[in-house]
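Step one of this worksheet: look at the structure below.
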2 protein chains.
Amino acid sequence: MTGSNIPPDHPRAASLRVREAMKDAVAAGLVHPTGLIAHGRGEAFDYLLGETTPPEALEAIHEAAFILRSARRPVLSLNGNVVALAATSALAVAAALPSLRLEVNLFHRTPERMRLLLAAMQAAGATPTQVLGADPDFRIPGLSSDRAQCCKAGIGEADVVLVPLEDGDRCQALKAMGKTVITIDLNPLSRTAQAADVTIVDELTRALPLLEKALRTPPTGGSRKHPVFDNPAILARVRRRMADHLLRAEGSGAAGSPDTGPAARRAKTPG
Amino acid sequence: MTGSNIPPDHPRAASLRVREAMKDAVAAGLVHPTGLIAHGRGEAFDYLLGETTPPEALEAIHEAAFILRSARRPVLSLNGNVVALAATSALAVAAALPSLRLEVNLFHRTPERMRLLLAAMQAAGATPTQVLGADPDFRIPGLSSDRAQCCKAGIGEADVVLVPLEDGDRCQALKAMGKTVITIDLNPLSRTAQAADVTIVDELTRALPLLEKALRTPPTGGSRKHPVFDNPAILARVRRRMADHLLRAEGSGAAGSPDTGPAARRAKTPG
């Protein structure tokens, strides 16, 4: 479409192909162009995780599964990036928890984009009425963006909202409504990560299948034995993990090349 | 164009507006959509700098100015993101160093995109023949991407190449040709950052005006007094700075909100 040409021997060919898929989702109208910028921010933080699920995310996923199972009206909120990257995984999570409602809720909202995203969810296997969002009849108080528009039967009356790839002001507005908020966010410093009750610091397509698995695993020992979950402590541990990655020797990072080691290179002045 | 609606009271409204400008540059054909992802990666690392120029970048800028002034055939390589974000600053750097050639060199190369970028540079004040790139007559050895295509009078015969917002394989290919490479890259772990002779870890639109100023400032004391520059040490210090930012208390980070402090929030189980 753009004459792009990713050589198979490029050291980041896999990552470049995901980027091309996201670019195609923009061309298809599913993802807002600024969603690509958000994806890039996530990529950077994922480098600092070593592109693997950290133990802190696993703990948060187990807490999230516990909370979602206990919820009266849990909702999984979808945006363009979530649908583009993980429509099938989102449906698998919903299949693992029959009470879970799905709702498309957009910052950059247009009727056409909403229609395309609902169609994409159906193409991934959703029933025609499974995913809410097309006919908003409720507003999240305190939000001036289009994200305020939602469905009463979904986010409006939810007691627990799972909001992957969130922007911070909605997370805070949902908290102000008294809802329990679970997020999946690669940036442990984001307002969302800090405002949420449970923050899963992991890449979406890695985290959702783990959440599905956790939801399908019967709880052991009853809720009395459920350990106390401390989200600020989880975030502090993830930050420490990312900091350690930054401090590791040159050339050993996920984003570093093994063939550009710590040789004491000096800047040459051209002669 | 997309019905987007950024509320002025959004806590990251300024950043969102830069994102909208980048989105418009994609719509205009200047920036490849995957360039938005690269922009997002930069945003994440810039959070970790506190969105200010660190002292390490200032040292690297002074070394870069010293090397560029000493060069026989220095070239500033431009891509879509550089033109979209900093066309005027790039021309100001060129005005400060008359020997500096400008060349557009693209990973996602099409004749149309090249034409648009050269037109954008002229719109920013370039003379019709000032910016090379339209008629490549040279290939960078060892590169299979379209980026190999360049101009002999520009990158081909350059002794020093300034490559902002680089991808790693070209940086290494230029090094293999024996060239001195200076980069501006917010990711201190990138292959480019580690392979370059001088890495300016800073945001492009902050760094280029500082480089221009350094080029216009006469050197003092002569080259004998020029301090030794140790790029790996500079990168290690920047990584330490970013790690410290990650480890700072919650709510104090550039990406964190001041109103979501370290209160010992606990995940509530919905009742």
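So you can find residues: chains in the structure tokens are A, B, ... in the order shown, residues in each start at 1, and ligands are numbered from 1 in order.
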
For A:Phe66, please output as a short mmCIF file (atom, residue, chain, number, x, y, z; two decimals) with all heavy atoms, in the first residue's frame all residues within 8 Å (counting only C-alpha atoms; exclusion window: fewer than 3 positions along the same chain).
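Generated output (selection_9.cif):
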data_model
loop_
_atom_site.label_atom_id
_atom_site.label_comp_id
_atom_site.auth_asym_id
_atom_site.auth_seq_id
_atom_site.Cartn_x
_atom_site.Cartn_y
_atom_site.Cartn_z
N HIS A 62 -3.90 -12.45 38.70
CA HIS A 62 -4.65 -13.31 39.62
C HIS A 62 -5.61 -12.49 40.48
O HIS A 62 -6.73 -12.91 40.75
CB HIS A 62 -3.70 -14.17 40.43
CG HIS A 62 -3.16 -15.32 39.61
ND1 HIS A 62 -1.89 -15.34 39.10
CD2 HIS A 62 -3.78 -16.43 39.14
CE1 HIS A 62 -1.73 -16.44 38.37
NE2 HIS A 62 -2.86 -17.12 38.37
N GLU A 63 -5.16 -11.30 40.91
CA GLU A 63 -6.06 -10.42 41.66
C GLU A 63 -7.23 -9.97 40.78
O GLU A 63 -8.39 -9.94 41.22
CB GLU A 63 -5.29 -9.21 42.20
CG GLU A 63 -6.13 -8.22 42.97
CD GLU A 63 -6.57 -8.74 44.34
OE1 GLU A 63 -6.07 -9.79 44.78
OE2 GLU A 63 -7.43 -8.09 44.97
N ARG A 69 -14.38 -12.24 39.07
CA ARG A 69 -15.28 -13.34 39.44
C ARG A 69 -16.26 -12.93 40.51
O ARG A 69 -17.40 -13.41 40.56
CB ARG A 69 -14.46 -14.55 39.92
CG ARG A 69 -14.21 -15.59 38.84
CD ARG A 69 -13.81 -16.93 39.46
NE ARG A 69 -12.63 -16.77 40.30
CZ ARG A 69 -11.41 -17.22 39.97
NH1 ARG A 69 -11.22 -17.88 38.84
NH2 ARG A 69 -10.39 -17.04 40.77
N SER A 70 -15.82 -12.04 41.42
CA SER A 70 -16.68 -11.59 42.52
C SER A 70 -17.63 -10.47 42.12
O SER A 70 -18.50 -10.10 42.90
CB SER A 70 -15.81 -11.07 43.68
OG SER A 70 -14.74 -11.94 43.96
N LEU A 215 -9.12 -16.90 34.92
CA LEU A 215 -10.57 -16.93 35.13
C LEU A 215 -11.10 -18.35 35.05
O LEU A 215 -12.10 -18.69 35.69
CB LEU A 215 -11.28 -16.04 34.11
CG LEU A 215 -11.16 -14.53 34.34
CD1 LEU A 215 -11.62 -13.75 33.11
CD2 LEU A 215 -11.94 -14.11 35.58
N PRO A 219 -10.83 -21.05 41.93
CA PRO A 219 -10.10 -20.54 43.09
C PRO A 219 -9.94 -21.64 44.13
O PRO A 219 -10.80 -22.49 44.29
CB PRO A 219 -10.99 -19.41 43.61
CG PRO A 219 -12.35 -19.71 43.07
CD PRO A 219 -12.18 -20.48 41.81
#

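The neighbours of A:Arg206 here are the residues that come within 12 Å of it, using only C-alpha atoms and leaving out any residue fewer than 3 positions away in the same chain; they are Asp46, Glu51, Thr52, Thr53, Pro54, Ala57, Leu58, Ile61, Leu85, Ala86, Ser89, Ala90, Ile184, Asp185, Leu186, Ile200, Val201, Asp202, Glu203, Pro209, Leu210, Leu211, Glu212 and Lys213 of chain A.
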
Write down as a PDB file with N, CA and C atoms, in the first residue's frame the residues belonging to stretch 49-107 of chain A that are assigned strand (DSSP E or B) by DSSP computed on the backbone.
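Once written, selection-v8.pdb looks like this:
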ATOM      1  N   PRO A  74     -19.428  -6.904  35.864  1.00  0.00           N
ATOM      2  CA  PRO A  74     -18.112  -6.558  35.306  1.00  0.00           C
ATOM      3  C   PRO A  74     -18.208  -6.208  33.819  1.00  0.00           C
ATOM      4  N   VAL A  75     -17.402  -5.246  33.413  1.00  0.00           N
ATOM      5  CA  VAL A  75     -17.372  -4.809  32.008  1.00  0.00           C
ATOM      6  C   VAL A  75     -15.927  -4.741  31.534  1.00  0.00           C
ATOM      7  N   LEU A  76     -15.699  -5.229  30.323  1.00  0.00           N
ATOM      8  CA  LEU A  76     -14.404  -5.060  29.653  1.00  0.00           C
ATOM      9  C   LEU A  76     -14.578  -3.966  28.603  1.00  0.00           C
ATOM     10  N   SER A  77     -13.856  -2.870  28.767  1.00  0.00           N
ATOM     11  CA  SER A  77     -13.959  -1.738  27.848  1.00  0.00           C
ATOM     12  C   SER A  77     -12.969  -1.919  26.695  1.00  0.00           C
ATOM     13  N   LEU A  78     -13.450  -1.705  25.477  1.00  0.00           N
ATOM     14  CA  LEU A  78     -12.631  -1.917  24.281  1.00  0.00           C
ATOM     15  C   LEU A  78     -12.403  -0.577  23.580  1.00  0.00           C
ATOM     16  N   ARG A 101     -19.613  -8.115  30.468  1.00  0.00           N
ATOM     17  CA  ARG A 101     -20.100  -7.379  29.303  1.00  0.00           C
ATOM     18  C   ARG A 101     -18.922  -6.751  28.578  1.00  0.00           C
ATOM     19  N   LEU A 102     -19.071  -6.615  27.270  1.00  0.00           N
ATOM     20  CA  LEU A 102     -18.065  -5.914  26.463  1.00  0.00           C
ATOM     21  C   LEU A 102     -18.674  -4.612  25.963  1.00  0.00           C
ATOM     22  N   GLU A 103     -17.889  -3.548  25.992  1.00  0.00           N
ATOM     23  CA  GLU A 103     -18.383  -2.263  25.489  1.00  0.00           C
ATOM     24  C   GLU A 103     -17.259  -1.522  24.788  1.00  0.00           C
ATOM     25  N   VAL A 104     -17.536  -1.039  23.581  1.00  0.00           N
ATOM     26  CA  VAL A 104     -16.587  -0.173  22.886  1.00  0.00           C
ATOM     27  C   VAL A 104     -16.792   1.251  23.388  1.00  0.00           C
TER      28      VAL A 104
END

From stretch 5-241 of chain A, collect each residue whose DSSP state is helix (DSSP H, G or I) and return the set as an MDAnalysis selection string. chainID A and resid 13:27 33:48 55:70 80:96 111:123 146:148 152:156 168:176 191:195 204:216 223:225 231:241

Residues near A:Leu246, cut-off 7 Å, only C-alpha atoms, skip fewer than 3 positions along chain, as JSON, numbers by chain: {"A": [48, 242, 243], "B": [239, 243]}

Write a file of the selected residues as a CSV table (one decimal), in the first residue's frame, keeping N, CA, C and O atoms.
chain,number,residue,atom,x,y,z
A,48,LEU,N,11.7,-2.3,28.2
A,48,LEU,CA,12.2,-2.3,29.6
A,48,LEU,C,11.7,-3.4,30.4
A,48,LEU,O,12.3,-3.7,31.5
A,242,MET,N,12.2,-2.4,35.7
A,242,MET,CA,12.5,-1.6,34.5
A,242,MET,C,13.8,-0.8,34.7
A,242,MET,O,14.6,-0.7,33.8
A,243,ALA,N,14.0,-0.3,35.9
A,243,ALA,CA,15.2,0.4,36.2
A,243,ALA,C,16.4,-0.5,36.1
A,243,ALA,O,17.5,-0.1,35.5
B,239,ARG,N,21.2,6.4,31.2
B,239,ARG,CA,20.4,5.3,31.7
B,239,ARG,C,20.2,5.4,33.2
B,239,ARG,O,19.1,5.1,33.7
B,243,ALA,N,16.6,5.6,35.1
B,243,ALA,CA,16.3,4.6,36.1
B,243,ALA,C,15.9,5.4,37.4
B,243,ALA,O,15.0,5.0,38.1
